[in-house]
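Visitor: The file below is run_4.txt, compact mmCIF, C-alpha atoms:
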```
# COMPACT_ATOMS: atom_id res chain seq x y z
CA MET A 284 -5.89 9.85 16.74
CA PRO A 285 -9.15 7.95 16.47
CA LEU A 286 -9.74 5.99 13.32
CA PRO A 287 -13.10 5.41 11.63
CA THR A 288 -14.89 2.13 12.08
CA ARG A 289 -13.85 -0.49 9.50
CA PRO A 290 -15.45 -3.67 8.14
CA LEU A 291 -15.24 -6.87 10.18
CA LEU A 292 -12.90 -8.99 8.01
CA VAL A 293 -9.92 -9.55 10.35
CA VAL A 294 -7.94 -11.27 12.99
CA ALA A 295 -5.66 -10.74 15.92
CA THR A 296 -3.21 -7.99 16.57
CA ALA A 297 0.39 -7.83 15.54
CA ALA A 298 3.47 -5.83 15.12
CA ALA A 299 5.50 -5.00 11.98
CA ALA A 300 8.05 -2.81 10.22
CA ALA A 301 8.48 -0.53 6.84
CA ILE A 302 7.20 1.40 2.14
CA THR A 303 4.85 3.02 -1.42
CA LEU A 304 5.47 3.55 -5.14
CA THR A 305 7.72 5.39 -7.75
CA SER A 306 10.92 6.57 -9.27
CA CYS A 307 12.38 10.00 -8.97
CA THR A 308 13.77 11.72 -12.01
CA ALA A 309 15.67 14.87 -12.86
CA ARG A 310 12.28 16.62 -12.94
CA GLU A 311 12.02 16.16 -9.21
CA GLU A 312 12.43 19.33 -7.19
CA THR A 313 11.66 18.04 -3.73
CA PRO A 314 14.76 16.34 -2.29
CA ALA A 315 14.47 12.68 -1.46
CA ALA A 316 14.21 11.80 2.21
CA PRO A 317 15.28 8.62 3.95
CA SER A 318 12.77 5.90 3.26
CA SER A 319 13.13 3.66 6.28
CA GLY A 320 11.15 5.47 8.92
CA GLY A 321 11.00 4.21 12.47
CA GLY A 322 7.24 4.21 12.81
CA PRO A 323 5.05 1.41 14.12
CA ALA A 324 4.54 -1.82 12.23
CA ALA A 325 1.27 -2.66 10.54
CA SER A 326 -1.17 -4.09 13.05
CA ALA A 327 -4.46 -5.85 12.46
CA GLN A 328 -7.72 -4.42 13.64
CA SER A 329 -8.91 -6.24 16.73
CA VAL A 330 -11.62 -8.70 15.74
CA ALA A 331 -12.56 -11.97 17.40
CA PRO A 332 -11.05 -15.00 15.62
CA SER A 333 -13.47 -16.89 13.38
CA ALA A 334 -13.83 -20.66 13.23
CA ASP A 335 -14.63 -20.28 9.53
CA GLY A 336 -11.08 -19.26 8.67
CA CYS A 337 -8.49 -21.20 6.72
CA THR A 338 -6.59 -23.86 8.65
CA LEU A 339 -3.75 -26.26 8.03
CA GLU A 340 -6.21 -29.11 8.35
CA LYS A 341 -8.60 -27.67 5.74
CA THR A 342 -5.84 -27.20 3.18
CA GLY A 343 -4.12 -30.48 3.84
CA TYR A 344 -0.76 -28.73 3.59
CA PRO A 345 2.25 -30.15 5.45
CA LYS A 346 3.23 -28.57 8.74
CA VAL A 347 6.35 -26.40 8.43
CA ASP A 348 8.69 -25.03 11.07
CA LEU A 349 8.84 -21.31 10.29
CA LYS A 350 12.30 -20.81 11.78
CA THR A 351 13.95 -23.42 9.60
CA ALA A 352 11.73 -23.11 6.51
CA VAL A 353 12.72 -21.56 3.20
CA VAL A 354 10.59 -18.43 2.82
CA GLY A 355 10.09 -16.64 -0.49
CA PHE A 356 9.11 -12.99 -0.90
CA SER A 357 7.97 -11.70 -4.29
CA GLN A 358 8.10 -7.90 -4.56
CA SER A 359 6.11 -6.43 -7.45
CA GLU A 360 7.76 -3.11 -8.19
CA LYS A 361 11.20 -1.55 -8.32
CA GLU A 362 12.43 -0.30 -4.99
CA ALA A 363 12.88 3.28 -6.09
CA ASN A 364 10.09 4.64 -3.92
CA PRO A 365 9.53 4.77 -0.17
CA PHE A 366 6.64 2.30 0.11
CA ARG A 367 8.39 -0.57 -1.68
CA ILE A 368 11.71 0.08 0.03
CA ALA A 369 10.07 -0.01 3.46
CA GLU A 370 7.95 -3.04 2.62
CA THR A 371 10.86 -5.20 1.50
CA GLN A 372 13.02 -4.03 4.41
CA SER A 373 10.24 -4.92 6.83
CA ILE A 374 10.16 -8.49 5.50
CA ARG A 375 13.96 -8.76 5.76
CA ASP A 376 14.05 -7.26 9.25
CA GLU A 377 11.39 -9.57 10.64
CA ALA A 378 13.01 -12.65 9.10
CA ALA A 379 16.29 -11.69 10.78
CA LYS A 380 14.50 -11.07 14.06
CA LEU A 381 12.99 -14.57 13.91
CA GLY A 382 16.39 -16.11 13.28
CA ILE A 383 15.69 -17.12 9.69
CA ALA A 384 19.05 -17.55 7.97
CA ASN A 385 19.89 -15.23 5.07
CA ASP A 386 20.02 -18.14 2.66
CA LYS A 387 16.55 -19.25 3.76
CA LEU A 388 14.90 -15.94 2.80
CA LEU A 389 14.61 -15.71 -0.98
CA VAL A 390 13.65 -12.28 -2.36
CA THR A 391 12.74 -11.38 -5.94
CA ASN A 392 11.58 -8.18 -7.62
CA ALA A 393 9.33 -8.22 -10.71
CA GLN A 394 10.17 -4.63 -11.71
CA SER A 395 6.49 -3.90 -12.50
CA ASP A 396 6.25 -6.77 -14.99
CA LEU A 397 3.37 -9.21 -14.39
CA ASN A 398 4.88 -12.04 -16.43
CA ARG A 399 8.12 -11.61 -14.56
CA GLN A 400 6.33 -11.83 -11.23
CA ILE A 401 4.71 -15.10 -12.30
CA SER A 402 8.16 -16.41 -13.28
CA ASP A 403 9.63 -15.10 -10.03
CA ILE A 404 7.10 -16.97 -7.91
CA LYS A 405 7.60 -20.19 -9.87
CA SER A 406 11.35 -19.74 -9.47
CA LEU A 407 10.99 -19.30 -5.71
CA LEU A 408 9.07 -22.57 -5.60
CA ASP A 409 11.71 -24.32 -7.71
CA ARG A 410 14.34 -23.05 -5.29
CA GLY A 411 12.54 -24.76 -2.43
CA ALA A 412 10.31 -22.07 -0.92
CA GLN A 413 7.96 -23.65 1.63
CA LEU A 414 6.12 -20.43 2.52
CA LEU A 415 5.41 -17.45 0.27
CA ILE A 416 4.73 -13.76 0.90
CA VAL A 417 3.63 -11.96 -2.27
CA ALA A 418 3.08 -8.26 -2.97
CA PRO A 419 0.95 -8.61 -6.15
CA LEU A 420 1.51 -6.26 -9.06
CA ASN A 421 -2.09 -6.58 -10.22
CA SER A 422 -5.25 -8.03 -8.72
CA ASP A 423 -5.67 -10.24 -11.80
CA GLY A 424 -3.16 -12.36 -13.67
CA LEU A 425 -1.23 -14.19 -10.95
CA GLN A 426 -3.31 -17.38 -11.12
CA PRO A 427 -0.61 -19.45 -12.88
CA ALA A 428 1.79 -18.67 -10.04
CA LEU A 429 -0.82 -19.35 -7.39
CA ASP A 430 -1.65 -22.65 -9.08
CA ALA A 431 2.02 -23.59 -8.97
CA ALA A 432 2.16 -22.85 -5.23
CA LYS A 433 -1.03 -24.81 -4.63
CA ALA A 434 0.36 -27.81 -6.54
CA LYS A 435 3.35 -27.83 -4.18
CA LYS A 436 1.15 -27.23 -1.10
CA VAL A 437 2.87 -23.93 -0.29
CA PRO A 438 0.73 -21.35 1.56
CA VAL A 439 0.72 -17.85 0.06
CA VAL A 440 0.10 -14.65 2.04
CA THR A 441 -0.60 -11.62 -0.16
CA ILE A 442 0.17 -8.14 1.14
CA ASP A 443 -0.82 -4.58 0.15
CA ARG A 444 -2.92 -5.57 -2.91
CA LYS A 445 -5.69 -8.12 -3.15
CA VAL A 446 -5.90 -10.77 -5.84
CA THR A 447 -9.21 -11.85 -7.35
CA SER A 448 -8.49 -15.54 -6.68
CA GLN A 449 -10.09 -17.53 -3.84
CA PRO A 450 -8.69 -17.32 -0.29
CA CYS A 451 -7.94 -20.68 1.36
CA THR A 452 -8.07 -22.23 -2.10
CA ASP A 453 -5.64 -20.29 -4.28
CA TYR A 454 -3.91 -18.36 -1.49
CA LEU A 455 -4.11 -18.20 2.29
CA THR A 456 -5.09 -14.61 3.09
CA PHE A 457 -4.67 -10.92 2.21
CA ILE A 458 -3.06 -8.49 4.64
CA GLY A 459 -3.52 -4.80 3.96
CA SER A 460 -5.48 -1.61 4.33
CA ASN A 461 -9.15 -0.88 3.76
CA PHE A 462 -8.59 1.11 0.57
CA VAL A 463 -12.19 2.30 0.25
CA GLU A 464 -11.93 3.72 3.75
CA GLN A 465 -8.65 5.44 2.83
CA GLY A 466 -10.38 7.17 -0.09
CA LYS A 467 -13.27 8.15 2.14
CA ARG A 468 -10.93 9.69 4.71
CA ALA A 469 -9.07 11.56 1.96
CA ALA A 470 -12.39 13.05 0.80
CA GLN A 471 -13.22 14.12 4.34
CA GLU A 472 -9.88 15.89 4.57
CA THR A 473 -10.46 17.51 1.16
CA ALA A 474 -13.78 18.88 2.40
CA ARG A 475 -12.15 20.14 5.59
CA VAL A 476 -9.14 21.91 4.08
CA THR A 477 -11.13 23.48 1.22
CA GLY A 478 -13.99 24.63 3.40
CA GLY A 479 -16.32 22.49 1.30
CA THR A 480 -16.07 24.36 -1.99
CA GLY A 481 -13.82 24.08 -5.02
CA LYS A 482 -12.78 22.10 -8.07
CA VAL A 483 -10.89 18.86 -7.52
CA ALA A 484 -8.49 16.94 -9.75
CA ILE A 485 -7.80 13.26 -9.08
CA LEU A 486 -4.44 11.69 -9.86
CA LEU A 487 -5.39 8.04 -10.27
CA GLY A 488 -3.13 5.12 -9.47
CA SER A 489 -2.30 2.41 -11.97
CA SER A 490 -5.14 0.38 -13.46
CA GLY A 491 -5.69 -3.31 -12.88
CA ASN A 492 -5.50 -3.42 -9.11
CA ASN A 493 -7.98 -3.01 -6.28
CA VAL A 494 -6.03 -0.19 -4.64
CA THR A 495 -6.84 2.30 -7.40
CA THR A 496 -10.42 1.11 -7.80
CA ASP A 497 -11.18 1.24 -4.08
CA ARG A 498 -9.42 4.52 -3.33
CA THR A 499 -11.32 6.15 -6.19
CA LYS A 500 -14.68 4.75 -5.10
CA GLY A 501 -14.22 5.71 -1.46
CA PHE A 502 -13.18 9.24 -2.40
CA LYS A 503 -15.97 9.91 -4.90
CA ASP A 504 -18.72 8.41 -2.75
CA GLU A 505 -17.68 10.50 0.22
CA LEU A 506 -17.04 13.68 -1.79
CA ALA A 507 -20.60 13.49 -3.13
CA LYS A 508 -21.76 14.40 0.39
CA THR A 509 -20.18 17.85 -0.11
CA PRO A 510 -22.06 19.45 -3.05
CA GLY A 511 -19.74 22.45 -3.10
CA LEU A 512 -16.89 20.24 -4.28
CA SER A 513 -16.78 18.79 -7.79
CA VAL A 514 -14.31 16.54 -9.60
CA VAL A 515 -13.36 18.37 -12.81
CA ALA A 516 -10.56 16.08 -14.00
CA GLU A 517 -9.11 12.66 -13.32
CA GLN A 518 -6.14 11.05 -15.00
CA THR A 519 -3.74 8.28 -14.13
CA GLY A 520 -0.27 9.08 -12.89
CA GLU A 521 0.40 5.35 -12.39
CA PHE A 522 1.54 5.82 -8.79
CA ASP A 523 4.68 7.49 -10.17
CA ARG A 524 6.12 10.84 -9.12
CA SER A 525 7.40 11.98 -12.51
CA LYS A 526 4.19 10.87 -14.24
CA GLY A 527 2.11 12.54 -11.56
CA GLN A 528 4.07 15.73 -12.16
CA ALA A 529 3.56 15.51 -15.92
CA VAL A 530 -0.18 14.91 -15.53
CA MET A 531 -0.47 17.82 -13.11
CA GLU A 532 1.32 20.10 -15.56
CA GLN A 533 -1.29 19.19 -18.20
CA LEU A 534 -4.17 19.67 -15.80
CA ILE A 535 -2.96 23.11 -14.77
CA GLN A 536 -3.12 24.10 -18.44
CA SER A 537 -6.53 22.56 -19.16
CA HIS A 538 -8.11 23.39 -15.78
CA PRO A 539 -6.36 26.47 -14.37
CA ASP A 540 -9.17 26.90 -11.82
CA ILE A 541 -8.40 23.65 -9.94
CA THR A 542 -8.35 24.34 -6.20
CA ALA A 543 -7.57 20.87 -4.81
CA VAL A 544 -5.71 17.72 -5.84
CA TYR A 545 -6.37 14.23 -4.55
CA ALA A 546 -3.43 11.96 -5.36
CA GLU A 547 -3.92 8.25 -4.79
CA ASN A 548 -0.40 7.95 -3.48
CA ASP A 549 2.15 10.36 -2.02
CA GLU A 550 4.59 10.05 -4.90
CA MET A 551 2.06 11.51 -7.34
CA GLY A 552 1.16 14.11 -4.73
CA VAL A 553 4.79 15.23 -4.44
CA GLY A 554 4.95 15.35 -8.24
CA ALA A 555 1.86 17.57 -8.22
CA VAL A 556 3.52 19.90 -5.72
CA ASN A 557 6.52 20.25 -8.03
CA ALA A 558 4.25 21.03 -11.00
CA LEU A 559 2.27 23.60 -9.03
CA LYS A 560 5.42 25.37 -7.90
CA THR A 561 6.77 25.46 -11.45
CA ALA A 562 3.48 27.00 -12.59
CA GLY A 563 3.84 29.78 -10.04
CA LYS A 564 1.15 28.49 -7.70
CA THR A 565 1.47 27.93 -3.98
CA PRO A 566 0.63 24.31 -3.13
CA GLY A 567 -1.04 23.92 0.21
CA LYS A 568 -2.65 27.34 -0.17
CA ASP A 569 -3.69 28.17 -3.76
CA VAL A 570 -4.25 24.49 -4.42
CA LYS A 571 -4.83 22.05 -1.56
CA VAL A 572 -3.01 18.71 -1.82
CA ILE A 573 -4.27 15.50 -0.20
CA SER A 574 -2.86 12.02 -0.75
CA ILE A 575 -2.49 8.51 0.65
CA ASP A 576 0.62 6.72 1.96
CA GLY A 577 2.62 8.37 4.73
CA THR A 578 6.03 8.87 3.10
CA ARG A 579 8.60 11.12 4.72
CA ASN A 580 8.60 13.53 1.76
CA ALA A 581 4.86 14.17 1.89
CA VAL A 582 4.62 14.44 5.66
CA GLN A 583 7.52 16.89 5.73
CA LEU A 584 5.76 18.99 3.09
CA ILE A 585 2.73 19.21 5.40
CA ALA A 586 5.00 20.44 8.18
CA ASP A 587 6.47 22.97 5.73
CA GLY A 588 3.02 24.21 4.67
CA SER A 589 3.10 23.00 1.05
CA TYR A 590 0.75 20.03 1.55
CA ASN A 591 -2.46 19.57 3.48
CA ALA A 592 -3.14 15.98 4.52
CA VAL A 593 -1.94 12.41 4.13
CA ILE A 594 -3.87 9.26 4.98
CA GLU A 595 -1.39 6.59 5.98
CA SER A 596 -1.04 3.25 4.20
CA ASN A 597 1.37 1.33 6.40
CA PRO A 598 3.89 -0.78 4.43
CA ARG A 599 5.55 -2.42 7.41
CA PHE A 600 4.01 -5.86 6.91
CA GLY A 601 6.90 -8.05 8.03
CA PRO A 602 5.85 -8.89 11.61
CA LEU A 603 2.18 -9.38 10.74
CA ALA A 604 2.93 -11.51 7.67
CA PHE A 605 5.24 -13.84 9.59
CA GLN A 606 2.90 -13.92 12.58
CA THR A 607 0.05 -14.95 10.28
CA LEU A 608 2.11 -17.75 8.74
CA GLN A 609 3.09 -18.94 12.22
CA LYS A 610 -0.55 -19.02 13.34
CA PHE A 611 -1.45 -21.01 10.26
CA GLU A 612 1.32 -23.53 10.98
CA ASN A 613 0.08 -23.72 14.58
CA GLY A 614 -3.33 -24.84 13.32
CA GLU A 615 -5.16 -21.58 14.01
CA ALA A 616 -7.92 -20.34 11.68
CA ILE A 617 -6.83 -17.50 9.39
CA PRO A 618 -9.49 -15.13 7.97
CA ALA A 619 -9.74 -14.33 4.26
CA SER A 620 -8.62 -10.75 4.89
CA ILE A 621 -6.61 -9.15 7.67
CA VAL A 622 -7.31 -5.42 7.62
CA ILE A 623 -4.75 -3.15 9.25
CA THR A 624 -5.16 0.20 10.98
CA ASP A 625 -3.71 3.33 9.36
CA ASP A 626 -2.79 6.68 10.88
CA GLN A 627 -3.28 10.17 9.41
CA TYR A 628 -1.15 13.31 9.07
CA ASP A 629 -2.26 16.94 8.87
CA GLU A 630 -1.12 20.40 9.95
CA THR A 631 -1.80 19.57 13.61
CA ASN A 632 0.57 16.62 13.92
CA ALA A 633 2.93 16.40 10.91
CA SER A 634 5.89 18.04 12.64
CA GLN A 635 5.58 15.78 15.67
CA LYS A 636 4.94 12.57 13.71
CA VAL A 637 7.30 12.96 10.75
CA GLY A 638 9.58 10.41 12.42
CA ASN A 639 6.86 7.77 11.94
CA ALA A 640 6.83 8.33 8.19
CA TYR A 641 8.84 6.12 5.85
```
In structure tokens, how does this file's structure come out?

Guide:
Amino acid sequence: MPLPTRPLLVVATAAAAAITLTSCTAREETPAAPSSGGGPAASAQSVAPSADGCTLEKTGYPKVDLKTAVVGFSQSEKEANPFRIAETQSIRDEAAKLGIANDKLLVTNAQSDLNRQISDIKSLLDRGAQLLIVAPLNSDGLQPALDAAKAKKVPVVTIDRKVTSQPCTDYLTFIGSNFVEQGKRAAQETARVTGGTGKVAILLGSSGNNVTTDRTKGFKDELAKTPGLSVVAEQTGEFDRSKGQAVMEQLIQSHPDITAVYAENDEMGVGAVNALKTAGKTPGKDVKVISIDGTRNAVQLIADGSYNAVIESNPRFGPLAFQTLQKFENGEAIPASIVITDDQYDETNASQKVGNAY
């Protein structure tokens, strides 16, 4: 399906492979689905390479042979949700495909603790990591770890969340989605499935990162073009299914006239579906549900009629991350941001495309 035009920011094309956020609890009613979907890898939007990008020469870093190098991957959150599971697996799969030995790929998980992620990254450096791929927990706060990498002349590629530090100075580049555009597309789907009228609740992601900020901005700015729709409540569910369910239960009590829910990730959206069912409502009909990610659970719910639309956020960064590091080592210019393309699921294609979900 055609995708909207995105900002310039990016480089080359690529291939990749599989993940999003949250733990399931006993409150969960929707059964868990396999998290390692066989969909396409994240690929960069096609934009002409820029001579202004970051190069090996500009940084003064030593040249490294990717196939024999020690590569570190710092995961930010527990792998109890589809996005993170798929993301980490994608890194492992691509490393194996490139022939990187198991003992040369070092993987850590910060378990949603910023201080732990800083320690993890420093530990990876102490263990000899020559290249780093980092999924930041927050946009702010990782500077001590980035400084440590810079001191050892180790390039850092960040994936899925931006950091507020300087590209080509504190880190090499960011690879991920255009989150503002994701929010905009979610608002367009909300307008479509509601017919342009109704009261909308927003389940916000966790604070302190650009994903939540951008997905909220994109959604609200676009929704303002449809005066028949109004946001009557917004509360954080912290990208977590059980918390999203708890928040939705509260919102049903305080705003029983809500007719649509925009969840900033699928896990909160699935939690909202569970809460709506418990309250005797029919999600997908009485209350429209729109979210962002592309997890198997959410896409299957669309096919089943209990959900309305999902904007994909592809977690399969492995191929593109390693390809970017290889280009850097080859002396090619790397842009500050590499924006990927994301698909979309709705009632017209969910059944056919559920195999692409993760």

Visitor: As a ChimeraX atom specification, please: the residues near range 510-524 of chain A (cut-off 6 Å, only C-alpha atoms, same-chain neighbours under 3 positions excluded).

Guide: /A:304-305,479-489,527,550-551,554

Visitor: At most 10 Å from (-12.7, -0.9, 2.4), file frame, all atoms listed in the file: which residues, as a VMD selection string?

Guide: chain A and resid 289 to 290 292 460 to 467 494 497 to 498 500 to 501 622

Visitor: So which residues touch Pro566 in chain A within 7 Å, counting only C-alpha atoms, skipping near sequence neighbours fewer than 6 positions away, as an mmCIF file with C-alpha atoms, in the frame of the given file?

Guide:
```
data_model
loop_
_atom_site.group_PDB
_atom_site.id
_atom_site.type_symbol
_atom_site.label_atom_id
_atom_site.label_comp_id
_atom_site.auth_asym_id
_atom_site.auth_seq_id
_atom_site.Cartn_x
_atom_site.Cartn_y
_atom_site.Cartn_z
ATOM 1 C CA VAL A 556 3.520 19.900 -5.720
ATOM 2 C CA LEU A 559 2.270 23.600 -9.030
ATOM 3 C CA LYS A 560 5.420 25.370 -7.900
ATOM 4 C CA VAL A 572 -3.010 18.710 -1.820
ATOM 5 C CA SER A 589 3.100 23.000 1.050
ATOM 6 C CA TYR A 590 0.750 20.030 1.550
#
```

Visitor: Got a sec to check which residues sit within 12 Å of (5.0, 20.1, 8.1), counting all atoms listed in the file, and write them as a list of chain:residue names?

Guide: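 Within the cut-off we find A:Gly567, A:Arg579, A:Asn580, A:Ala581, A:Val582, A:Gln583, A:Leu584, A:Ile585, A:Ala586, A:Asp587, A:Gly588, A:Ser589, A:Tyr590, A:Asn591, A:Ala592, A:Val593, A:Tyr628, A:Asp629, A:Glu630, A:Thr631, A:Asn632, A:Ala633, A:Ser634, A:Gln635, A:Lys636, A:Val637, A:Gly638, A:Ala640.
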
Visitor: Counting only C-alpha atoms, what is within 9 Å of range 371-382 of chain A, bar same-chain residues fewer than 2 positions away, as a ChimeraX atom specification?

Guide: /A:299-302,319,324,349-351,354,356,358,362,366-369,384-385,388,390,416,598-602,604-605

Visitor: Take the residues just selected and output them with C-alpha atoms as a CSV table (one decimal), in the coordinates of the input.

Guide:
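again.csv written:
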```
chain,number,residue,atom,x,y,z
A,299,ALA,CA,5.5,-5.0,12.0
A,300,ALA,CA,8.0,-2.8,10.2
A,301,ALA,CA,8.5,-0.5,6.8
A,302,ILE,CA,7.2,1.4,2.1
A,319,SER,CA,13.1,3.7,6.3
A,324,ALA,CA,4.5,-1.8,12.2
A,349,LEU,CA,8.8,-21.3,10.3
A,350,LYS,CA,12.3,-20.8,11.8
A,351,THR,CA,14.0,-23.4,9.6
A,354,VAL,CA,10.6,-18.4,2.8
A,356,PHE,CA,9.1,-13.0,-0.9
A,358,GLN,CA,8.1,-7.9,-4.6
A,362,GLU,CA,12.4,-0.3,-5.0
A,366,PHE,CA,6.6,2.3,0.1
A,367,ARG,CA,8.4,-0.6,-1.7
A,368,ILE,CA,11.7,0.1,0.0
A,369,ALA,CA,10.1,0.0,3.5
A,384,ALA,CA,19.0,-17.6,8.0
A,385,ASN,CA,19.9,-15.2,5.1
A,388,LEU,CA,14.9,-15.9,2.8
A,390,VAL,CA,13.6,-12.3,-2.4
A,416,ILE,CA,4.7,-13.8,0.9
A,598,PRO,CA,3.9,-0.8,4.4
A,599,ARG,CA,5.6,-2.4,7.4
A,600,PHE,CA,4.0,-5.9,6.9
A,601,GLY,CA,6.9,-8.0,8.0
A,602,PRO,CA,5.8,-8.9,11.6
A,604,ALA,CA,2.9,-11.5,7.7
A,605,PHE,CA,5.2,-13.8,9.6
```

Visitor: Nearest residue to Thr624 in chain A out of A:Gly459, A:Asn392, A:Arg475, A:Thr561, using only C-alpha atoms?

Guide: A:Gly459

Visitor: In terms of the shortest atom-to-atom distance over all atoms listed in the file, which of A:Val570, A:Ala428, A:Cys451, A:Leu534 is closest to Lys405 in chain A?

Guide: A:Ala428

Visitor: My list of candidates is A:Ser574, A:Ser402, A:Thr342, A:Gln627. Which is closest to Asn597 in chain A when distances are computed with all atoms listed in the file?

Guide: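 So, comparing all the options, the nearest one is A:Gln627.
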
Visitor: Could you work out how far CA of Asp453 in chain A lies from CA of Asp430 in chain A, giving the answer in Å with one decimal?

Guide: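 Result for CA of Asp430 in chain A versus CA of Asp453 in chain A: 6.7 Å, one decimal.
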
Visitor: Could you please determine the separation between CA of Leu407 in chain A and CA of Thr607 in chain A in Å, to one decimal place?

Guide: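 Here the two named atoms are 19.9 Å from each other.
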
Visitor: Between CA of Glu615 in chain A and CA of Ala434 in chain A, what is the distance, to one decimal in Å?

Guide: 22.2 Å

Visitor: Using all atoms listed in the file, can you tell me which of A:Ala418, A:Asp423, A:Pro438, A:Val544 comes closest to Glu612 in chain A?

Guide: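 That would be A:Pro438, the residue with the smallest distance to Glu612 in chain A.
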
Visitor: As number ranges by chain, please: the residues near Leu608 in chain A (cut-off 12 Å, only C-alpha atoms, same-chain neighbours under 4 positions excluded).

Guide: A: 337-339, 346-350, 352, 354, 413-416, 437-441, 454-458, 601-604, 612-618

Visitor: Within 10 Å of Leu397 in chain A, counting only C-alpha atoms, which residues show up once you throw out same-chain ones fewer than 2 positions away? Write them as a PyMOL selection string, please.

Guide: chain A and resi 359-360+393-395+399-403+419-421+423-425

Visitor: Using C-alpha atoms, can you write the selected residues to a file as an mmCIF file, keeping the file's coordinate frame?

Guide:
```
data_model
loop_
_atom_site.group_PDB
_atom_site.id
_atom_site.type_symbol
_atom_site.label_atom_id
_atom_site.label_comp_id
_atom_site.auth_asym_id
_atom_site.auth_seq_id
_atom_site.Cartn_x
_atom_site.Cartn_y
_atom_site.Cartn_z
ATOM 1 C CA SER A 359 6.110 -6.430 -7.450
ATOM 2 C CA GLU A 360 7.760 -3.110 -8.190
ATOM 3 C CA ALA A 393 9.330 -8.220 -10.710
ATOM 4 C CA GLN A 394 10.170 -4.630 -11.710
ATOM 5 C CA SER A 395 6.490 -3.900 -12.500
ATOM 6 C CA ARG A 399 8.120 -11.610 -14.560
ATOM 7 C CA GLN A 400 6.330 -11.830 -11.230
ATOM 8 C CA ILE A 401 4.710 -15.100 -12.300
ATOM 9 C CA SER A 402 8.160 -16.410 -13.280
ATOM 10 C CA ASP A 403 9.630 -15.100 -10.030
ATOM 11 C CA PRO A 419 0.950 -8.610 -6.150
ATOM 12 C CA LEU A 420 1.510 -6.260 -9.060
ATOM 13 C CA ASN A 421 -2.090 -6.580 -10.220
ATOM 14 C CA ASP A 423 -5.670 -10.240 -11.800
ATOM 15 C CA GLY A 424 -3.160 -12.360 -13.670
ATOM 16 C CA LEU A 425 -1.230 -14.190 -10.950
#
```

Visitor: Find the residue from A:Ser490, A:Thr391, A:Ser537, A:Thr495 that sits nearest to Ile575 in chain A; use all atoms listed in the file when measuring.

Guide: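 That would be A:Thr495, the residue with the smallest distance to Ile575 in chain A.
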
Visitor: Since fewer atoms than expected are present, regenerate N, CA, C and O atoms for range 615-624 of chain A and write them as a CSV table (one decimal), in the frame of the given file.

Guide:
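Written file, part.csv:
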```csv
chain,number,residue,atom,x,y,z
A,615,GLU,N,-4.1,-22.6,13.8
A,615,GLU,CA,-5.2,-21.6,14.0
A,615,GLU,C,-5.9,-21.2,12.7
A,615,GLU,O,-5.3,-21.3,11.6
A,616,ALA,N,-7.1,-20.7,12.8
A,616,ALA,CA,-7.9,-20.3,11.7
A,616,ALA,C,-7.5,-18.9,11.2
A,616,ALA,O,-7.5,-18.0,12.0
A,617,ILE,N,-7.3,-18.8,10.0
A,617,ILE,CA,-6.8,-17.5,9.4
A,617,ILE,C,-8.0,-16.9,8.5
A,617,ILE,O,-8.5,-17.6,7.6
A,618,PRO,N,-8.4,-15.7,8.8
A,618,PRO,CA,-9.5,-15.1,8.0
A,618,PRO,C,-9.1,-14.8,6.5
A,618,PRO,O,-7.9,-14.8,6.2
A,619,ALA,N,-10.0,-14.6,5.7
A,619,ALA,CA,-9.7,-14.3,4.3
A,619,ALA,C,-9.0,-13.0,4.1
A,619,ALA,O,-8.2,-12.8,3.1
A,620,SER,N,-9.3,-12.1,4.9
A,620,SER,CA,-8.6,-10.8,4.9
A,620,SER,C,-8.2,-10.3,6.3
A,620,SER,O,-9.0,-10.5,7.2
A,621,ILE,N,-7.1,-9.7,6.4
A,621,ILE,CA,-6.6,-9.2,7.7
A,621,ILE,C,-6.4,-7.7,7.4
A,621,ILE,O,-5.4,-7.3,6.8
A,622,VAL,N,-7.3,-6.9,7.9
A,622,VAL,CA,-7.3,-5.4,7.6
A,622,VAL,C,-6.5,-4.7,8.7
A,622,VAL,O,-6.8,-4.9,9.9
A,623,ILE,N,-5.6,-3.9,8.3
A,623,ILE,CA,-4.8,-3.2,9.2
A,623,ILE,C,-5.3,-1.8,9.6
A,623,ILE,O,-6.2,-1.3,8.9
A,624,THR,N,-4.8,-1.2,10.6
A,624,THR,CA,-5.2,0.2,11.0
A,624,THR,C,-4.1,1.2,10.4
A,624,THR,O,-3.0,0.8,10.2
```
